[in-house]
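Data file: entry_13.txt. Format and content: compact mmCIF, C-alpha atoms.
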# COMPACT_ATOMS: atom_id res chain seq x y z
CA MET A 1 18.11 4.04 3.51
CA ARG A 2 21.73 3.82 2.49
CA LEU A 3 24.39 2.49 4.85
CA ILE A 4 27.95 3.80 4.58
CA ALA A 5 30.88 2.81 6.77
CA GLN A 6 34.42 4.13 7.14
CA GLY A 7 37.42 2.41 8.60
CA THR A 8 41.19 2.37 8.59
CA SER A 9 41.04 -0.45 6.06
CA ALA A 10 38.53 -1.90 3.60
CA ASP A 11 38.08 -4.93 5.86
CA GLU A 12 37.29 -2.77 8.88
CA ALA A 13 34.78 -0.70 6.88
CA ARG A 14 33.15 -3.87 5.49
CA LYS A 15 32.80 -5.34 9.01
CA LYS A 16 31.25 -2.12 10.32
CA LEU A 17 28.87 -2.10 7.38
CA GLU A 18 27.85 -5.71 7.99
CA GLN A 19 27.24 -4.98 11.68
CA ALA A 20 25.14 -1.93 10.87
CA ALA A 21 23.16 -3.87 8.27
CA ALA A 22 22.47 -6.63 10.81
CA ARG A 23 21.16 -4.07 13.33
CA VAL A 24 18.90 -2.46 10.74
CA LEU A 25 17.59 -5.86 9.64
CA GLU A 26 16.91 -6.83 13.26
CA ARG A 27 14.94 -3.66 13.99
CA ALA A 28 13.23 -2.93 10.67
CA GLY A 29 13.28 -6.24 8.81
CA ARG A 30 9.59 -6.38 8.01
CA TYR A 31 9.79 -2.96 6.35
CA ILE A 32 12.73 -3.78 4.07
CA TYR A 33 11.66 -4.66 0.54
CA ALA A 34 15.05 -4.65 -1.21
CA ASP A 35 18.74 -4.61 -0.42
CA HIS A 36 19.73 -2.99 -3.68
CA GLU A 37 18.82 0.08 -5.74
CA SER A 38 15.13 -0.63 -6.37
CA THR A 39 11.96 1.32 -5.79
CA LEU A 40 8.99 -0.24 -4.07
CA GLU A 41 7.13 -0.15 -7.39
CA GLN A 42 9.94 -2.04 -9.14
CA VAL A 43 9.95 -4.74 -6.47
CA VAL A 44 6.17 -5.15 -6.70
CA ALA A 45 6.39 -5.30 -10.51
CA GLU A 46 9.09 -7.98 -10.32
CA LEU A 47 7.07 -10.08 -7.88
CA LEU A 48 3.87 -9.84 -9.91
CA THR A 49 5.73 -10.64 -13.13
CA GLN A 50 7.52 -13.64 -11.58
CA ARG A 51 4.21 -14.99 -10.30
CA GLN A 52 2.42 -14.14 -13.56
CA ALA A 53 -0.17 -12.47 -11.36
CA THR A 54 -2.50 -9.59 -12.05
CA VAL A 55 -3.77 -6.77 -9.85
CA ALA A 56 -6.54 -4.17 -9.81
CA VAL A 57 -6.88 -1.29 -7.37
CA ALA A 58 -9.83 0.56 -5.87
CA GLU A 59 -8.72 3.86 -4.42
CA SER A 60 -10.54 6.44 -2.39
CA CYS A 61 -8.16 8.58 -0.31
CA THR A 62 -5.17 7.89 -2.57
CA GLY A 63 -7.03 9.21 -5.62
CA GLY A 64 -5.25 7.01 -8.17
CA LEU A 65 -1.76 7.31 -6.72
CA ILE A 66 -1.33 3.54 -6.37
CA ALA A 67 -2.39 3.02 -9.99
CA HIS A 68 0.04 5.76 -11.01
CA LYS A 69 2.89 4.10 -9.13
CA LEU A 70 2.15 0.62 -10.49
CA THR A 71 1.85 1.82 -14.08
CA GLY A 72 5.02 3.92 -13.88
CA ILE A 73 7.03 0.77 -14.59
CA ALA A 74 7.59 -0.25 -18.21
CA GLY A 75 5.70 -3.45 -18.99
CA SER A 76 3.05 -2.83 -16.34
CA SER A 77 0.31 -3.97 -18.72
CA ALA A 78 1.46 -7.53 -18.00
CA TYR A 79 0.23 -7.31 -14.40
CA PHE A 80 -1.93 -4.19 -13.98
CA GLU A 81 -5.55 -4.64 -15.12
CA ARG A 82 -7.30 -1.52 -13.90
CA GLY A 83 -7.63 1.16 -11.29
CA VAL A 84 -10.86 2.65 -10.03
CA VAL A 85 -11.03 5.89 -8.06
CA CYS A 86 -14.14 5.66 -5.87
CA TYR A 87 -14.00 8.81 -3.84
CA SER A 88 -17.67 9.19 -3.00
CA ASN A 89 -19.88 6.75 -1.15
CA ARG A 90 -22.12 6.62 -4.22
CA SER A 91 -19.23 5.50 -6.42
CA LYS A 92 -18.24 2.80 -3.94
CA THR A 93 -21.80 1.46 -4.15
CA GLU A 94 -22.36 1.91 -7.89
CA LEU A 95 -18.97 0.83 -9.24
CA LEU A 96 -17.76 -1.62 -6.61
CA HIS A 97 -21.08 -2.90 -5.24
CA VAL A 98 -20.16 -2.05 -1.65
CA PRO A 99 -23.51 -2.26 0.15
CA ALA A 100 -24.84 1.16 1.12
CA ALA A 101 -25.94 -0.36 4.43
CA MET A 102 -22.32 -1.32 5.18
CA ILE A 103 -21.16 2.24 4.53
CA GLU A 104 -24.02 3.60 6.64
CA GLN A 105 -23.28 1.24 9.54
CA HIS A 106 -19.46 1.37 9.61
CA GLY A 107 -18.59 4.49 7.62
CA ALA A 108 -16.72 4.74 4.35
CA VAL A 109 -13.45 4.79 6.29
CA SER A 110 -13.60 1.35 7.89
CA GLU A 111 -12.04 -2.08 7.69
CA GLN A 112 -15.30 -3.52 6.37
CA VAL A 113 -15.44 -1.11 3.44
CA ALA A 114 -11.72 -1.51 2.65
CA ALA A 115 -12.09 -5.29 2.54
CA ALA A 116 -15.27 -5.12 0.44
CA MET A 117 -13.62 -2.70 -2.01
CA ALA A 118 -10.62 -5.02 -2.40
CA GLU A 119 -12.74 -8.14 -2.79
CA ASN A 120 -15.09 -6.55 -5.29
CA VAL A 121 -12.48 -4.87 -7.48
CA ARG A 122 -10.66 -8.23 -7.68
CA ARG A 123 -13.83 -10.07 -8.62
CA ILE A 124 -15.09 -7.45 -11.09
CA ALA A 125 -11.69 -7.15 -12.80
CA GLY A 126 -11.07 -10.90 -12.80
CA VAL A 127 -7.56 -10.58 -11.37
CA ASP A 128 -5.43 -12.40 -8.83
CA TYR A 129 -5.18 -9.52 -6.36
CA GLY A 130 -7.37 -6.59 -5.38
CA ILE A 131 -6.02 -3.66 -3.39
CA ALA A 132 -8.14 -0.90 -1.85
CA THR A 133 -7.64 2.25 0.22
CA THR A 134 -10.10 4.32 2.19
CA GLY A 135 -9.03 6.98 4.65
CA ILE A 136 -8.76 10.61 5.66
CA ALA A 137 -5.82 12.42 4.08
CA GLY A 138 -6.63 15.77 5.68
CA PRO A 139 -6.22 18.46 6.62
CA GLY A 140 -9.93 18.39 7.54
CA GLY A 141 -12.51 15.64 7.79
CA GLY A 142 -11.20 13.85 10.84
CA SER A 143 -12.90 13.12 14.15
CA ASP A 144 -11.91 11.67 17.53
CA ASP A 145 -12.83 8.18 16.33
CA LYS A 146 -11.38 8.63 12.85
CA PRO A 147 -8.56 11.16 12.89
CA VAL A 148 -6.81 12.77 9.94
CA GLY A 149 -4.13 10.36 8.75
CA LEU A 150 -6.26 7.24 9.30
CA VAL A 151 -6.27 4.76 6.43
CA PHE A 152 -7.64 1.26 5.97
CA ILE A 153 -5.93 -0.80 3.30
CA GLY A 154 -7.69 -3.87 1.99
CA ALA A 155 -6.10 -6.70 0.05
CA ALA A 156 -7.90 -9.65 -1.50
CA ASP A 157 -7.00 -12.80 -3.36
CA LYS A 158 -8.94 -15.95 -4.22
CA THR A 159 -8.73 -17.16 -0.60
CA GLY A 160 -10.30 -14.06 0.93
CA SER A 161 -9.37 -10.62 2.15
CA GLN A 162 -7.53 -8.89 4.92
CA TRP A 163 -7.01 -5.32 5.94
CA GLU A 164 -4.61 -3.10 7.83
CA ARG A 165 -5.25 0.05 9.80
CA HIS A 166 -2.62 2.78 9.89
CA ILE A 167 -2.52 6.29 11.29
CA PHE A 168 -0.04 8.76 9.85
CA SER A 169 0.49 12.43 10.48
CA GLY A 170 1.54 15.12 8.11
CA GLU A 171 0.40 17.22 5.22
CA ARG A 172 -2.22 15.86 2.82
CA TRP A 173 0.28 15.02 0.06
CA LEU A 174 2.53 13.21 2.56
CA ASN A 175 -0.39 11.22 3.97
CA LYS A 176 -1.45 10.18 0.46
CA GLU A 177 2.11 9.08 -0.33
CA ARG A 178 2.31 7.07 2.90
CA PHE A 179 -1.12 5.53 2.29
CA ALA A 180 -0.09 4.46 -1.22
CA ASN A 181 3.25 3.03 -0.14
CA SER A 182 1.64 1.09 2.69

Rewrite the structure from the file as structure tokens, please.
Amino acid sequence: MRLIAQGTSADEARKKLEQAAARVLERAGRYIYADHESTLEQVVAELLTQRQATVAVAESCTGGLIAHKLTGIAGSSAYFERGVVCYSNRSKTELLHVPAAMIEQHGAVSEQVAAAMAENVRRIAGVDYGIATTGIAGPGGGSDDKPVGLVFIGAADKTGSQWERHIFSGERWLNKERFANS
């Protein structure tokens, strides 16, 4: 988002701009990751580099898009260890050691599986952070309980894991982009 203001003088325009920025911050503050010309990937890269932290990703519905975004920044080898695309249930079990019984009980698209994927990719890769996605990008594959656009995002560090549930709507490519950015 770019804010632009006009006024009869530079001072008037600056005041309008400050007021508009304050309103945006009040309403959307938790979604703002920079107040300058930076991409989300650049901000994440800066934070990981500053913290001297490392990350690995386990992706199902995003198909490697998060890894692509994180490695699109020069110097990403300093913080990015690996990315694993585990699209099938079998790959989640074989590569990430997600218990088959967990997938059977809760489904591959679930908070339990997202958290397990994040925890296990972090542990297996020996990194500070593990990120995982599992969802339904569409256009098919959804149900009443798990509609198209549903994604669970898991994140893990040495203290444990957490997950978020989001539902988006749109074309497959747009859902994948939103899943990855989330």

Just the residues within 12 Å of Glu37 of chain A, please, counting all atoms listed in the file, with nothing from its chain fewer than 6 positions along; format it as a ChimeraX atom specification.
/A:1-2,43

Any chance you could tabulate, as CSV, the residues of segment 35-145 of chain A at most 12 Å from segment 155-165 of chain A with each one's nearest atom pair and distance in Å to one decimal, using all atoms listed in the file, in chain and rising number order?
residue,atom,partner,partner_atom,distance
A:Ala53,CA,A:Asp157,CA,10.5
A:Thr54,CA,A:Asp157,CA,10.3
A:Val55,CA,A:Asp157,CA,9.4
A:Ala56,CA,A:Ala156,CA,10.0
A:Val57,CA,A:Ala155,CA,9.2
A:Ala58,CA,A:Ala155,CA,10.1
A:Glu59,CA,A:Ala155,CA,11.8
A:Val109,CA,A:Arg165,CA,10.1
A:Ser110,CA,A:Arg165,CA,8.7
A:Glu111,CA,A:Trp163,CA,6.2
A:Gln112,CA,A:Trp163,CA,8.5
A:Val113,CA,A:Trp163,CA,9.7
A:Ala114,CA,A:Trp163,CA,6.9
A:Ala115,CA,A:Ser161,CA,6.0
A:Ala116,CA,A:Ser161,CA,8.2
A:Met117,CA,A:Ala155,CA,8.8
A:Ala118,CA,A:Ala155,CA,5.4
A:Glu119,CA,A:Ala156,CA,5.2
A:Asn120,CA,A:Ala156,CA,8.7
A:Val121,CA,A:Ala156,CA,8.9
A:Arg122,CA,A:Ala156,CA,6.9
A:Arg123,CA,A:Lys158,CA,8.8
A:Ala125,CA,A:Asp157,CA,12.0
A:Gly126,CA,A:Lys158,CA,10.2
A:Val127,CA,A:Asp157,CA,8.3
A:Asp128,CA,A:Asp157,CA,5.7
A:Tyr129,CA,A:Asp157,CA,4.8
A:Gly130,CA,A:Ala156,CA,5.0
A:Ile131,CA,A:Ala155,CA,4.6
A:Ala132,CA,A:Ala155,CA,6.4
A:Thr133,CA,A:Ala155,CA,9.1
A:Thr134,CA,A:Arg165,CA,10.0
A:Gly135,CA,A:Arg165,CA,9.4
A:Ile136,CA,A:Arg165,CA,11.9

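The two atoms in question, atom CA of Ala180 of chain A and atom CA of Arg90 of chain A, are spaced 22.3 Å apart.
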
Distance query Ser77 of chain A at most 12 Å, only C-alpha atoms, self and fewer than 3 positions along chain excluded, as a PyMOL selection string
chain A and resi 45+48-49+52-56+67+70-74+80-82

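The interatomic distance for the pair atom CA of Glu104 of chain A and atom CA of Val148 of chain A works out to 19.8 Å.
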